[in-house]
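Below is one structure, written out as structure tokens; the observations come after it.
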Amino acid sequence: MRGAEAPTGHGTAGDGPVIETRGLTKRFGGLVAVDALSFAVPAGEIRGLIGPNGSGKTTTVNVLSGLYRPDAGEIHLCGRRTDGLRPHEITACGVARTFQIPKLFGHMTVMENVLLPALAALDRGVRRPLSEVREHARGLLEFVTLDRMRHAPARELSGGQSMLVQIARALMVDPVRVVLMDEPFAGVHPQIRDVIMEAVLRMNRERGITFLIVSHEMAELKRLCQRLTVMDEGRRIAEGTLEEVANDPVVLEAYLGSGSGRSLAGGR
Amino acid sequence: MARLEVDHVAAGYVEGIDILSDITLSVAPGSITGVIGPNGAGKSTLLRTIFGFLHPRRGSIALDGRPIQALPPWEVKRLGVSYVPQGANIFAQLSVEENLLLGAWVIRRARAQVAEQLERAFAAFPRLAERRRRRATALSGGEAKMLSLAKELVTAPAVLLVDEPSAGLAPRIVEQVYARLRAVREQGVTILLVDQNINKAVDVSDYLYLIERGVVRREGPRVEFADQLRDIVRDSLLGA
């Protein structure tokens, strides 16, 4: 693809974390969905974020991407303090994301959906020749095996194909240094899972992009991730290689479900 | 004979993708049978397939030896199977009593029976009796969950399919829900329970199945599972 420039140097070791939270907290009424969460992901890593249902993983991604404002704590993305910034401002820092239920504009074509980040960049005054932008988008669509579908309205795509469009669109953010993915494999056809994994591995290797991937699919995470962060009841309860976290008694207890319900304020 | 028999069932929503690939399980009369497994294993799809929302692509499902895999949900319900989905499956704008009457829809012509079942429901769920004429919107989360359970019991089912009964509920309510399931079993109702809360499922079930990616990975009586819970979780995390 066109975007296969030489590694940009973003992802080289020693750059420090590109994702970092300190005491991050998000409440919904009495429910503490994210509870004083501190964690960091170094540049160039593919990190898995796992945990039982309701442990706060998606909320964490939603707070990181600016969809929700945190109630407390700090977020540093790509070296900038981003808590309090709006989603588009966070994207402009080089942070893109995908959603578990793909969010595409159904009446727009696949190509138009992928072009959206370039349109947003134009709005920020970043001018690139249209032909170059289109060529980049085509390259990304080819990369995720959807080039033939580029003129189809997005609503005609399967769930897995929509996920691929979201990934192409995330990679269209320029420059993109971090991609947050929420359950990219859930309900996705095995063939498309392979395309997604290949895309993540190649973008990480060739462009040094850092990934944070929320998933329950352990086989996929095993192939992709160097390390996993484990959440339960809004907190970070463990971090390490798959072997390490899978043998951690605290993690095992969390997955067994204590029966104590979720982290209701004052309920523990 | 098993009350409910699921034999090599495959099912899914989209062509070419099986959510259940090959599920064989059997539910003994009067038992609580638990099905555990990670997210996306197919637990909810299993219940939806038994209840007739989905029809198996392969395999068969039998209730007391009678094949039911081709029947629509209302027929399955008439044969004595009730289904309690996740969350509160109630009509919020209707009163508690009207909700129970709708639960009794398939037996609505047997008026004496309906009246008797309603009284039994109110005896079993005193909080609902107090709120009989109130709209369901006035109920707390726990009361709404109890109503959605009571609503599925008014047909006096032989089999109750229960999906994630503790999801989203406060700890105190969770205890009440499982206590209620035990009481329902004491009355002779057979229960097939799917649950993410492994500790609770193992606690309440007589026999368990572990499913992953649409296949049965392990089965056995409660004691066998209780000893190996940590191994089960570790294996499932390691994708073994």
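Just remember, in the structure tokens the first chain shown is A, the second B, etc., residues are 1-based per chain, and ligands are 1-based in the order shown.
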### Task
Please identify all polymer residues within 9 Å of Arg78 (chain B), counting only C-alpha atoms, omitting same-chain residues fewer than 2 positions from it, and present them as a PyMOL selection string.
chain B and resi 73-76+80-82+106-107+155+157
#### Entry: Sel. of strand (DSSP E) residues, region 17-203 of chain B, as a VMD selection string
chain B and resid 20 to 27 32 to 36 58 to 63 66 to 67 81 to 84 159 to 163 190 to 194
How would the residues just chosen look if you wrote them out with N, CA, C and O atoms as a compact mmCIF listing (two decimals), in the first residue's frame?
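The resulting again-v4.txt:
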# COMPACT_ATOMS: atom_id res chain seq x y z
N LEU B 20 -23.20 -21.63 17.28
CA LEU B 20 -23.09 -22.96 17.88
C LEU B 20 -22.59 -23.89 16.78
O LEU B 20 -23.20 -23.96 15.71
N SER B 21 -21.48 -24.57 17.01
CA SER B 21 -20.93 -25.44 15.97
C SER B 21 -21.40 -26.87 16.16
O SER B 21 -21.76 -27.55 15.21
N ASP B 22 -21.36 -27.32 17.40
CA ASP B 22 -21.71 -28.71 17.67
C ASP B 22 -21.97 -28.83 19.16
O ASP B 22 -21.06 -29.07 19.94
N ILE B 23 -23.22 -28.65 19.56
CA ILE B 23 -23.55 -28.68 20.98
C ILE B 23 -24.43 -29.88 21.28
O ILE B 23 -25.48 -30.07 20.67
N THR B 24 -23.95 -30.70 22.21
CA THR B 24 -24.74 -31.81 22.69
C THR B 24 -24.83 -31.69 24.20
O THR B 24 -23.80 -31.63 24.88
N LEU B 25 -26.05 -31.57 24.70
CA LEU B 25 -26.19 -31.58 26.16
C LEU B 25 -27.55 -32.11 26.55
O LEU B 25 -28.47 -32.17 25.75
N SER B 26 -27.63 -32.54 27.79
CA SER B 26 -28.87 -33.12 28.24
C SER B 26 -29.19 -32.62 29.65
O SER B 26 -28.29 -32.41 30.46
N VAL B 27 -30.46 -32.32 29.86
CA VAL B 27 -30.89 -31.71 31.11
C VAL B 27 -31.82 -32.68 31.83
O VAL B 27 -32.90 -33.02 31.33
N ILE B 32 -31.01 -28.37 38.13
CA ILE B 32 -30.53 -27.11 37.57
C ILE B 32 -29.25 -27.46 36.82
O ILE B 32 -28.30 -27.99 37.40
N THR B 33 -29.27 -27.23 35.51
CA THR B 33 -28.09 -27.50 34.69
C THR B 33 -27.51 -26.16 34.28
O THR B 33 -28.22 -25.30 33.76
N GLY B 34 -26.24 -25.98 34.55
CA GLY B 34 -25.59 -24.71 34.28
C GLY B 34 -24.72 -24.79 33.04
O GLY B 34 -24.07 -25.80 32.80
N VAL B 35 -24.72 -23.72 32.25
CA VAL B 35 -23.83 -23.62 31.10
C VAL B 35 -22.95 -22.38 31.31
O VAL B 35 -23.47 -21.27 31.44
N ILE B 36 -21.63 -22.59 31.40
CA ILE B 36 -20.72 -21.47 31.56
C ILE B 36 -19.81 -21.40 30.35
O ILE B 36 -19.73 -22.34 29.56
N ARG B 58 -28.14 -27.86 11.89
CA ARG B 58 -27.95 -29.31 11.99
C ARG B 58 -28.34 -29.70 13.40
O ARG B 58 -28.35 -28.89 14.31
N GLY B 59 -28.65 -31.00 13.56
CA GLY B 59 -28.91 -31.51 14.89
C GLY B 59 -30.36 -31.37 15.31
O GLY B 59 -31.19 -30.86 14.55
N SER B 60 -30.65 -31.84 16.51
CA SER B 60 -32.04 -31.85 16.95
C SER B 60 -32.14 -31.47 18.42
O SER B 60 -31.16 -31.53 19.17
N ILE B 61 -33.35 -31.04 18.80
CA ILE B 61 -33.63 -30.67 20.18
C ILE B 61 -34.93 -31.40 20.57
O ILE B 61 -35.90 -31.35 19.82
N ALA B 62 -34.91 -32.07 21.71
CA ALA B 62 -36.10 -32.82 22.11
C ALA B 62 -36.51 -32.46 23.53
O ALA B 62 -35.67 -32.30 24.42
N LEU B 63 -37.83 -32.31 23.69
CA LEU B 63 -38.40 -32.07 25.02
C LEU B 63 -39.18 -33.33 25.39
O LEU B 63 -40.13 -33.70 24.69
N ARG B 66 -39.73 -35.52 22.52
CA ARG B 66 -40.45 -35.00 21.35
C ARG B 66 -39.61 -33.91 20.66
O ARG B 66 -39.18 -32.96 21.31
N PRO B 67 -39.37 -34.06 19.37
CA PRO B 67 -38.55 -33.06 18.69
C PRO B 67 -39.23 -31.69 18.67
O PRO B 67 -40.41 -31.59 18.35
N VAL B 81 -42.14 -24.78 28.02
CA VAL B 81 -40.81 -24.21 28.19
C VAL B 81 -40.94 -22.69 28.30
O VAL B 81 -41.58 -22.07 27.45
N SER B 82 -40.38 -22.12 29.34
CA SER B 82 -40.37 -20.66 29.47
C SER B 82 -38.94 -20.16 29.39
O SER B 82 -38.01 -20.88 29.74
N TYR B 83 -38.81 -18.91 28.96
CA TYR B 83 -37.48 -18.34 28.69
C TYR B 83 -37.36 -16.99 29.37
O TYR B 83 -38.18 -16.11 29.13
N VAL B 84 -36.39 -16.85 30.25
CA VAL B 84 -36.15 -15.58 30.93
C VAL B 84 -34.87 -14.97 30.36
O VAL B 84 -33.77 -15.38 30.70
N VAL B 159 -39.99 -26.56 32.10
CA VAL B 159 -38.59 -26.19 31.91
C VAL B 159 -38.47 -24.67 31.89
O VAL B 159 -39.26 -23.99 31.23
N LEU B 160 -37.48 -24.16 32.61
CA LEU B 160 -37.21 -22.72 32.60
C LEU B 160 -35.81 -22.50 32.04
O LEU B 160 -34.84 -23.04 32.55
N LEU B 161 -35.72 -21.70 30.96
CA LEU B 161 -34.43 -21.33 30.40
C LEU B 161 -34.07 -19.95 30.95
O LEU B 161 -34.86 -19.01 30.81
N VAL B 162 -32.93 -19.82 31.59
CA VAL B 162 -32.59 -18.56 32.26
C VAL B 162 -31.24 -18.05 31.76
O VAL B 162 -30.23 -18.75 31.84
N ASP B 163 -31.24 -16.80 31.25
CA ASP B 163 -30.02 -16.22 30.67
C ASP B 163 -29.46 -15.15 31.61
O ASP B 163 -30.10 -14.13 31.83
N THR B 190 -37.58 -27.85 35.95
CA THR B 190 -36.22 -28.11 35.47
C THR B 190 -35.63 -26.81 34.94
O THR B 190 -36.31 -26.10 34.19
N ILE B 191 -34.41 -26.51 35.32
CA ILE B 191 -33.83 -25.22 34.92
C ILE B 191 -32.55 -25.41 34.11
O ILE B 191 -31.66 -26.18 34.49
N LEU B 192 -32.49 -24.73 32.97
CA LEU B 192 -31.24 -24.63 32.21
C LEU B 192 -30.79 -23.18 32.32
O LEU B 192 -31.46 -22.26 31.87
N LEU B 193 -29.61 -23.00 32.95
CA LEU B 193 -29.13 -21.67 33.32
C LEU B 193 -27.84 -21.38 32.57
O LEU B 193 -26.92 -22.19 32.60
N VAL B 194 -27.77 -20.25 31.88
CA VAL B 194 -26.46 -19.85 31.34
C VAL B 194 -25.98 -18.64 32.12
O VAL B 194 -26.78 -17.78 32.49
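From CA of Arg135 (chain B) back to CA of Phe122 (chain B), the distance works out to 15.6 Å.
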Need the shell around Arg132 (chain B): protein/DNA/RNA residues with any atom at most 12 Å away, counting only C-alpha atoms. Skip same-chain ones fewer than 5 positions apart. Format as a PDB file with all heavy atoms, in the first residue's frame?
ATOM      1  N   LEU B  94     -47.145  -1.135  31.376  1.00  0.00           N
ATOM      2  CA  LEU B  94     -48.287  -1.879  31.921  1.00  0.00           C
ATOM      3  C   LEU B  94     -48.076  -2.124  33.414  1.00  0.00           C
ATOM      4  O   LEU B  94     -46.965  -2.022  33.921  1.00  0.00           O
ATOM      5  CB  LEU B  94     -48.427  -3.217  31.197  1.00  0.00           C
ATOM      6  CG  LEU B  94     -48.677  -3.115  29.680  1.00  0.00           C
ATOM      7  CD1 LEU B  94     -48.846  -4.503  29.082  1.00  0.00           C
ATOM      8  CD2 LEU B  94     -49.902  -2.253  29.382  1.00  0.00           C
ATOM      9  N   SER B  95     -49.175  -2.459  34.085  1.00  0.00           N
ATOM     10  CA  SER B  95     -49.067  -2.714  35.519  1.00  0.00           C
ATOM     11  C   SER B  95     -48.404  -4.075  35.743  1.00  0.00           C
ATOM     12  O   SER B  95     -48.274  -4.891  34.820  1.00  0.00           O
ATOM     13  CB  SER B  95     -50.452  -2.703  36.161  1.00  0.00           C
ATOM     14  OG  SER B  95     -51.164  -3.872  35.779  1.00  0.00           O
ATOM     15  N   VAL B  96     -48.005  -4.290  36.981  1.00  0.00           N
ATOM     16  CA  VAL B  96     -47.403  -5.574  37.367  1.00  0.00           C
ATOM     17  C   VAL B  96     -48.362  -6.719  37.025  1.00  0.00           C
ATOM     18  O   VAL B  96     -47.984  -7.719  36.407  1.00  0.00           O
ATOM     19  CB  VAL B  96     -47.068  -5.547  38.879  1.00  0.00           C
ATOM     20  CG1 VAL B  96     -46.756  -6.941  39.383  1.00  0.00           C
ATOM     21  CG2 VAL B  96     -45.911  -4.591  39.132  1.00  0.00           C
ATOM     22  N   GLU B  97     -49.627  -6.532  37.379  1.00  0.00           N
ATOM     23  CA  GLU B  97     -50.612  -7.593  37.138  1.00  0.00           C
ATOM     24  C   GLU B  97     -50.802  -7.842  35.633  1.00  0.00           C
ATOM     25  O   GLU B  97     -50.892  -8.981  35.182  1.00  0.00           O
ATOM     26  CB  GLU B  97     -51.943  -7.224  37.799  1.00  0.00           C
ATOM     27  CG  GLU B  97     -52.989  -8.308  37.621  1.00  0.00           C
ATOM     28  CD  GLU B  97     -54.197  -8.125  38.532  1.00  0.00           C
ATOM     29  OE1 GLU B  97     -54.133  -7.277  39.454  1.00  0.00           O
ATOM     30  OE2 GLU B  97     -55.183  -8.816  38.323  1.00  0.00           O
ATOM     31  N   GLU B  98     -50.857  -6.750  34.867  1.00  0.00           N
ATOM     32  CA  GLU B  98     -51.013  -6.911  33.404  1.00  0.00           C
ATOM     33  C   GLU B  98     -49.823  -7.637  32.797  1.00  0.00           C
ATOM     34  O   GLU B  98     -49.976  -8.438  31.870  1.00  0.00           O
ATOM     35  CB  GLU B  98     -51.187  -5.532  32.753  1.00  0.00           C
ATOM     36  CG  GLU B  98     -52.557  -4.932  33.017  1.00  0.00           C
ATOM     37  CD  GLU B  98     -52.631  -3.430  32.728  1.00  0.00           C
ATOM     38  OE1 GLU B  98     -51.579  -2.766  32.678  1.00  0.00           O
ATOM     39  OE2 GLU B  98     -53.750  -2.931  32.570  1.00  0.00           O
ATOM     40  N   ASN B  99     -48.642  -7.362  33.326  1.00  0.00           N
ATOM     41  CA  ASN B  99     -47.471  -8.087  32.856  1.00  0.00           C
ATOM     42  C   ASN B  99     -47.632  -9.592  33.097  1.00  0.00           C
ATOM     43  O   ASN B  99     -47.322 -10.405  32.225  1.00  0.00           O
ATOM     44  CB  ASN B  99     -46.208  -7.583  33.568  1.00  0.00           C
ATOM     45  CG  ASN B  99     -45.511  -6.469  32.790  1.00  0.00           C
ATOM     46  OD1 ASN B  99     -44.792  -6.739  31.833  1.00  0.00           O
ATOM     47  ND2 ASN B  99     -45.750  -5.232  33.185  1.00  0.00           N
ATOM     48  N   LEU B 100     -48.111  -9.931  34.273  1.00  0.00           N
ATOM     49  CA  LEU B 100     -48.287 -11.354  34.588  1.00  0.00           C
ATOM     50  C   LEU B 100     -49.363 -11.973  33.696  1.00  0.00           C
ATOM     51  O   LEU B 100     -49.233 -13.105  33.233  1.00  0.00           O
ATOM     52  CB  LEU B 100     -48.645 -11.532  36.064  1.00  0.00           C
ATOM     53  CG  LEU B 100     -47.533 -11.137  37.042  1.00  0.00           C
ATOM     54  CD1 LEU B 100     -48.010 -11.268  38.489  1.00  0.00           C
ATOM     55  CD2 LEU B 100     -46.284 -11.988  36.823  1.00  0.00           C
ATOM     56  N   LEU B 101     -50.425 -11.205  33.422  1.00  0.00           N
ATOM     57  CA  LEU B 101     -51.489 -11.709  32.535  1.00  0.00           C
ATOM     58  C   LEU B 101     -50.929 -11.978  31.133  1.00  0.00           C
ATOM     59  O   LEU B 101     -51.290 -12.966  30.491  1.00  0.00           O
ATOM     60  CB  LEU B 101     -52.648 -10.717  32.464  1.00  0.00           C
ATOM     61  CG  LEU B 101     -53.534 -10.664  33.724  1.00  0.00           C
ATOM     62  CD1 LEU B 101     -54.500  -9.487  33.662  1.00  0.00           C
ATOM     63  CD2 LEU B 101     -54.296 -11.986  33.892  1.00  0.00           C
ATOM     64  N   LEU B 118     -51.759 -16.509  39.079  1.00  0.00           N
ATOM     65  CA  LEU B 118     -51.442 -15.147  39.510  1.00  0.00           C
ATOM     66  C   LEU B 118     -51.335 -15.091  41.026  1.00  0.00           C
ATOM     67  O   LEU B 118     -50.410 -14.469  41.571  1.00  0.00           O
ATOM     68  CB  LEU B 118     -52.523 -14.177  39.014  1.00  0.00           C
ATOM     69  CG  LEU B 118     -52.033 -13.169  37.972  1.00  0.00           C
ATOM     70  CD1 LEU B 118     -51.510 -13.865  36.739  1.00  0.00           C
ATOM     71  CD2 LEU B 118     -53.130 -12.166  37.621  1.00  0.00           C
ATOM     72  N   GLU B 119     -52.266 -15.751  41.701  1.00  0.00           N
ATOM     73  CA  GLU B 119     -52.214 -15.740  43.168  1.00  0.00           C
ATOM     74  C   GLU B 119     -50.944 -16.433  43.654  1.00  0.00           C
ATOM     75  O   GLU B 119     -50.301 -16.002  44.611  1.00  0.00           O
ATOM     76  CB  GLU B 119     -53.476 -16.383  43.767  1.00  0.00           C
ATOM     77  CG  GLU B 119     -54.715 -15.493  43.635  1.00  0.00           C
ATOM     78  CD  GLU B 119     -54.429 -13.995  43.825  1.00  0.00           C
ATOM     79  OE1 GLU B 119     -53.847 -13.616  44.870  1.00  0.00           O
ATOM     80  OE2 GLU B 119     -54.753 -13.200  42.913  1.00  0.00           O
ATOM     81  N   ALA B 121     -48.144 -16.541  42.052  1.00  0.00           N
ATOM     82  CA  ALA B 121     -47.028 -15.626  41.778  1.00  0.00           C
ATOM     83  C   ALA B 121     -46.942 -14.564  42.863  1.00  0.00           C
ATOM     84  O   ALA B 121     -45.854 -14.266  43.370  1.00  0.00           O
ATOM     85  CB  ALA B 121     -47.199 -14.979  40.406  1.00  0.00           C
ATOM     86  N   PHE B 122     -48.105 -14.024  43.251  1.00  0.00           N
ATOM     87  CA  PHE B 122     -48.082 -12.971  44.271  1.00  0.00           C
ATOM     88  C   PHE B 122     -47.667 -13.526  45.627  1.00  0.00           C
ATOM     89  O   PHE B 122     -47.039 -12.833  46.431  1.00  0.00           O
ATOM     90  CB  PHE B 122     -49.439 -12.270  44.343  1.00  0.00           C
ATOM     91  CG  PHE B 122     -49.690 -11.358  43.164  1.00  0.00           C
ATOM     92  CD1 PHE B 122     -50.896 -11.397  42.467  1.00  0.00           C
ATOM     93  CD2 PHE B 122     -48.709 -10.461  42.753  1.00  0.00           C
ATOM     94  CE1 PHE B 122     -51.112 -10.563  41.379  1.00  0.00           C
ATOM     95  CE2 PHE B 122     -48.914  -9.624  41.668  1.00  0.00           C
ATOM     96  CZ  PHE B 122     -50.125  -9.681  40.973  1.00  0.00           C
ATOM     97  N   ALA B 123     -48.012 -14.802  45.875  1.00  0.00           N
ATOM     98  CA  ALA B 123     -47.579 -15.418  47.134  1.00  0.00           C
ATOM     99  C   ALA B 123     -46.064 -15.602  47.134  1.00  0.00           C
ATOM    100  O   ALA B 123     -45.393 -15.388  48.147  1.00  0.00           O
ATOM    101  CB  ALA B 123     -48.293 -16.758  47.333  1.00  0.00           C
ATOM    102  N   PHE B 125     -43.884 -13.886  45.293  1.00  0.00           N
ATOM    103  CA  PHE B 125     -43.180 -12.601  45.162  1.00  0.00           C
ATOM    104  C   PHE B 125     -43.992 -11.511  45.861  1.00  0.00           C
ATOM    105  O   PHE B 125     -44.688 -10.725  45.205  1.00  0.00           O
ATOM    106  CB  PHE B 125     -43.010 -12.228  43.681  1.00  0.00           C
ATOM    107  CG  PHE B 125     -42.168 -13.190  42.871  1.00  0.00           C
ATOM    108  CD1 PHE B 125     -42.750 -14.279  42.225  1.00  0.00           C
ATOM    109  CD2 PHE B 125     -40.790 -13.004  42.757  1.00  0.00           C
ATOM    110  CE1 PHE B 125     -41.979 -15.153  41.473  1.00  0.00           C
ATOM    111  CE2 PHE B 125     -40.023 -13.877  42.005  1.00  0.00           C
ATOM    112  CZ  PHE B 125     -40.610 -14.956  41.368  1.00  0.00           C
ATOM    113  N   PRO B 126     -43.902 -11.448  47.201  1.00  0.00           N
ATOM    114  CA  PRO B 126     -44.745 -10.491  47.958  1.00  0.00           C
ATOM    115  C   PRO B 126     -44.530  -9.031  47.531  1.00  0.00           C
ATOM    116  O   PRO B 126     -45.485  -8.255  47.540  1.00  0.00           O
ATOM    117  CB  PRO B 126     -44.300 -10.693  49.411  1.00  0.00           C
ATOM    118  CG  PRO B 126     -43.324 -11.805  49.437  1.00  0.00           C
ATOM    119  CD  PRO B 126     -43.071 -12.290  48.064  1.00  0.00           C
ATOM    120  N   ARG B 127     -43.312  -8.687  47.120  1.00  0.00           N
ATOM    121  CA  ARG B 127     -43.060  -7.305  46.677  1.00  0.00           C
ATOM    122  C   ARG B 127     -43.910  -6.965  45.454  1.00  0.00           C
ATOM    123  O   ARG B 127     -44.367  -5.837  45.292  1.00  0.00           O
ATOM    124  CB  ARG B 127     -41.585  -7.105  46.304  1.00  0.00           C
ATOM    125  CG  ARG B 127     -40.640  -7.180  47.469  1.00  0.00           C
ATOM    126  CD  ARG B 127     -40.730  -5.958  48.339  1.00  0.00           C
ATOM    127  NE  ARG B 127     -40.139  -4.771  47.731  1.00  0.00           N
ATOM    128  CZ  ARG B 127     -40.202  -3.570  48.269  1.00  0.00           C
ATOM    129  NH1 ARG B 127     -40.865  -3.403  49.409  1.00  0.00           N
ATOM    130  NH2 ARG B 127     -39.631  -2.540  47.672  1.00  0.00           N
ATOM    131  N   ALA B 138     -42.454   1.848  37.760  1.00  0.00           N
ATOM    132  CA  ALA B 138     -42.219   2.253  39.146  1.00  0.00           C
ATOM    133  C   ALA B 138     -41.335   1.247  39.891  1.00  0.00           C
ATOM    134  O   ALA B 138     -40.961   1.480  41.033  1.00  0.00           O
ATOM    135  CB  ALA B 138     -43.552   2.408  39.875  1.00  0.00           C
ATOM    136  N   LEU B 139     -41.004   0.132  39.241  1.00  0.00           N
ATOM    137  CA  LEU B 139     -40.244  -0.911  39.940  1.00  0.00           C
ATOM    138  C   LEU B 139     -38.745  -0.598  39.953  1.00  0.00           C
ATOM    139  O   LEU B 139     -38.220   0.023  39.029  1.00  0.00           O
ATOM    140  CB  LEU B 139     -40.458  -2.264  39.251  1.00  0.00           C
ATOM    141  CG  LEU B 139     -41.893  -2.787  39.165  1.00  0.00           C
ATOM    142  CD1 LEU B 139     -41.898  -4.146  38.480  1.00  0.00           C
ATOM    143  CD2 LEU B 139     -42.523  -2.876  40.548  1.00  0.00           C
ATOM    144  N   GLU B 143     -36.757  -5.499  41.427  1.00  0.00           N
ATOM    145  CA  GLU B 143     -38.176  -5.871  41.325  1.00  0.00           C
ATOM    146  C   GLU B 143     -38.547  -6.179  39.866  1.00  0.00           C
ATOM    147  O   GLU B 143     -39.308  -7.113  39.592  1.00  0.00           O
ATOM    148  CB  GLU B 143     -39.051  -4.726  41.855  1.00  0.00           C
ATOM    149  CG  GLU B 143     -38.952  -4.547  43.366  1.00  0.00           C
ATOM    150  CD  GLU B 143     -39.473  -3.195  43.847  1.00  0.00           C
ATOM    151  OE1 GLU B 143     -39.765  -2.316  43.005  1.00  0.00           O
ATOM    152  OE2 GLU B 143     -39.569  -3.025  45.070  1.00  0.00           O
ATOM    153  N   LEU B 147     -40.106  -9.531  38.411  1.00  0.00           N
ATOM    154  CA  LEU B 147     -41.329  -9.562  37.600  1.00  0.00           C
ATOM    155  C   LEU B 147     -41.082 -10.338  36.306  1.00  0.00           C
ATOM    156  O   LEU B 147     -41.928 -11.133  35.881  1.00  0.00           O
ATOM    157  CB  LEU B 147     -41.809  -8.137  37.289  1.00  0.00           C
ATOM    158  CG  LEU B 147     -43.040  -8.034  36.373  1.00  0.00           C
ATOM    159  CD1 LEU B 147     -44.229  -8.807  36.962  1.00  0.00           C
ATOM    160  CD2 LEU B 147     -43.437  -6.574  36.134  1.00  0.00           C
TER     161      LEU B 147
END
#### Entry: Neighbours of chain B in chain A at 12 Å, counting only C-alpha atoms, as a PyMOL selection string
chain A and resi 30-31+50-55+158-160+183+185-192+215-223+228+230+241-268
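Compared by their closest atoms to Arg218 (chain B), and using only C-alpha atoms, the residues B:Pro165, B:Gly37, B:Gly30, B:Gly12 rank with B:Gly37 nearest.
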### Query
When you draw a straight line from CA of Cys225 (chain A) to CA of Thr82 (chain A), how long is it in Å?
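Answer for the CA of Cys225 (chain A) to CA of Thr82 (chain A) separation: 24.9 Å.
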#### Entry: helix (DSSP H, G or I) residues, from DSSP on the backbone, in region 116-170 of chain A, as number ranges by chain
A: 116-123, 130-143, 147-149, 154-156, 159-170
### Message
Neighbouring residues of Arg22 (chain A) were defined as those with any atom within 8 Å, considering only C-alpha atoms; residues of the same chain fewer than 2 positions away were excluded. Please report them as a PyMOL selection string.
### Response
chain A and resi 20+24+36-39+73-75
Selection export as a PDB file, in the first residue's frame, atoms kept: N, CA and C atoms:
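Writing the result to again_24.pdb gives the following:
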ATOM      1  N   GLU A  20      -0.965   6.932  28.402  1.00  0.00           N
ATOM      2  CA  GLU A  20      -0.727   6.867  29.840  1.00  0.00           C
ATOM      3  C   GLU A  20      -1.895   7.494  30.586  1.00  0.00           C
ATOM      4  N   LEU A  24      -7.260   7.595  36.566  1.00  0.00           N
ATOM      5  CA  LEU A  24      -8.408   7.894  35.701  1.00  0.00           C
ATOM      6  C   LEU A  24      -9.702   7.321  36.299  1.00  0.00           C
ATOM      7  N   ALA A  36      -9.902   4.935  39.339  1.00  0.00           N
ATOM      8  CA  ALA A  36      -8.496   5.282  39.618  1.00  0.00           C
ATOM      9  C   ALA A  36      -7.535   4.423  38.800  1.00  0.00           C
ATOM     10  N   LEU A  37      -7.798   4.361  37.526  1.00  0.00           N
ATOM     11  CA  LEU A  37      -7.012   3.495  36.637  1.00  0.00           C
ATOM     12  C   LEU A  37      -5.717   4.195  36.213  1.00  0.00           C
ATOM     13  N   SER A  38      -4.595   3.514  36.455  1.00  0.00           N
ATOM     14  CA  SER A  38      -3.307   4.006  35.980  1.00  0.00           C
ATOM     15  C   SER A  38      -2.652   2.914  35.158  1.00  0.00           C
ATOM     16  N   PHE A  39      -2.325   3.239  33.936  1.00  0.00           N
ATOM     17  CA  PHE A  39      -1.552   2.281  33.142  1.00  0.00           C
ATOM     18  C   PHE A  39      -0.866   3.030  32.010  1.00  0.00           C
ATOM     19  N   GLY A  73      -8.549  12.331  37.268  1.00  0.00           N
ATOM     20  CA  GLY A  73      -7.374  11.675  36.697  1.00  0.00           C
ATOM     21  C   GLY A  73      -6.864  12.371  35.446  1.00  0.00           C
ATOM     22  N   GLU A  74      -5.745  11.847  34.970  1.00  0.00           N
ATOM     23  CA  GLU A  74      -5.063  12.441  33.825  1.00  0.00           C
ATOM     24  C   GLU A  74      -4.925  11.430  32.695  1.00  0.00           C
ATOM     25  N   ILE A  75      -4.968  11.953  31.475  1.00  0.00           N
ATOM     26  CA  ILE A  75      -4.677  11.132  30.298  1.00  0.00           C
ATOM     27  C   ILE A  75      -3.585  11.838  29.503  1.00  0.00           C
TER      28      ILE A  75
END
### Option closest in space to Ala179 (chain B), from B:Leu4, B:Val204, B:Ala110, B:Ala115 [counting only C-alpha atoms]
B:Val204
#### Entry: Which residue of A:Arg47, A:His107, A:His88, A:Arg235 approaches Ala120 (chain A) most closely, using only C-alpha atoms
A:His88
### Message
Given only C-alpha atoms as the basis, pick out the residue of A:Tyr68, A:Phe105, A:Phe211, A:Phe143 nearest to Gly84 (chain A).
### Response
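Closest residue, counting only C-alpha atoms: A:Tyr68.
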### Query
Which one of B:Val215, B:Gly42, B:Pro56, B:Met146 sits closest to Gln176 (chain B) if you count only C-alpha atoms?
B:Met146
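What separates CA of Arg134 (chain B) from CA of Ile90 (chain B) is a distance of 13.2 Å.
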### Task
Find, counting only C-alpha atoms, the residue in B:Arg3, B:Ala10, B:Phe225, B:Leu47 that gets nearest to Val189 (chain B).
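Of B:Arg3, B:Ala10, B:Phe225, B:Leu47, the one nearest Val189 (chain B) is B:Arg3, counting only C-alpha atoms.
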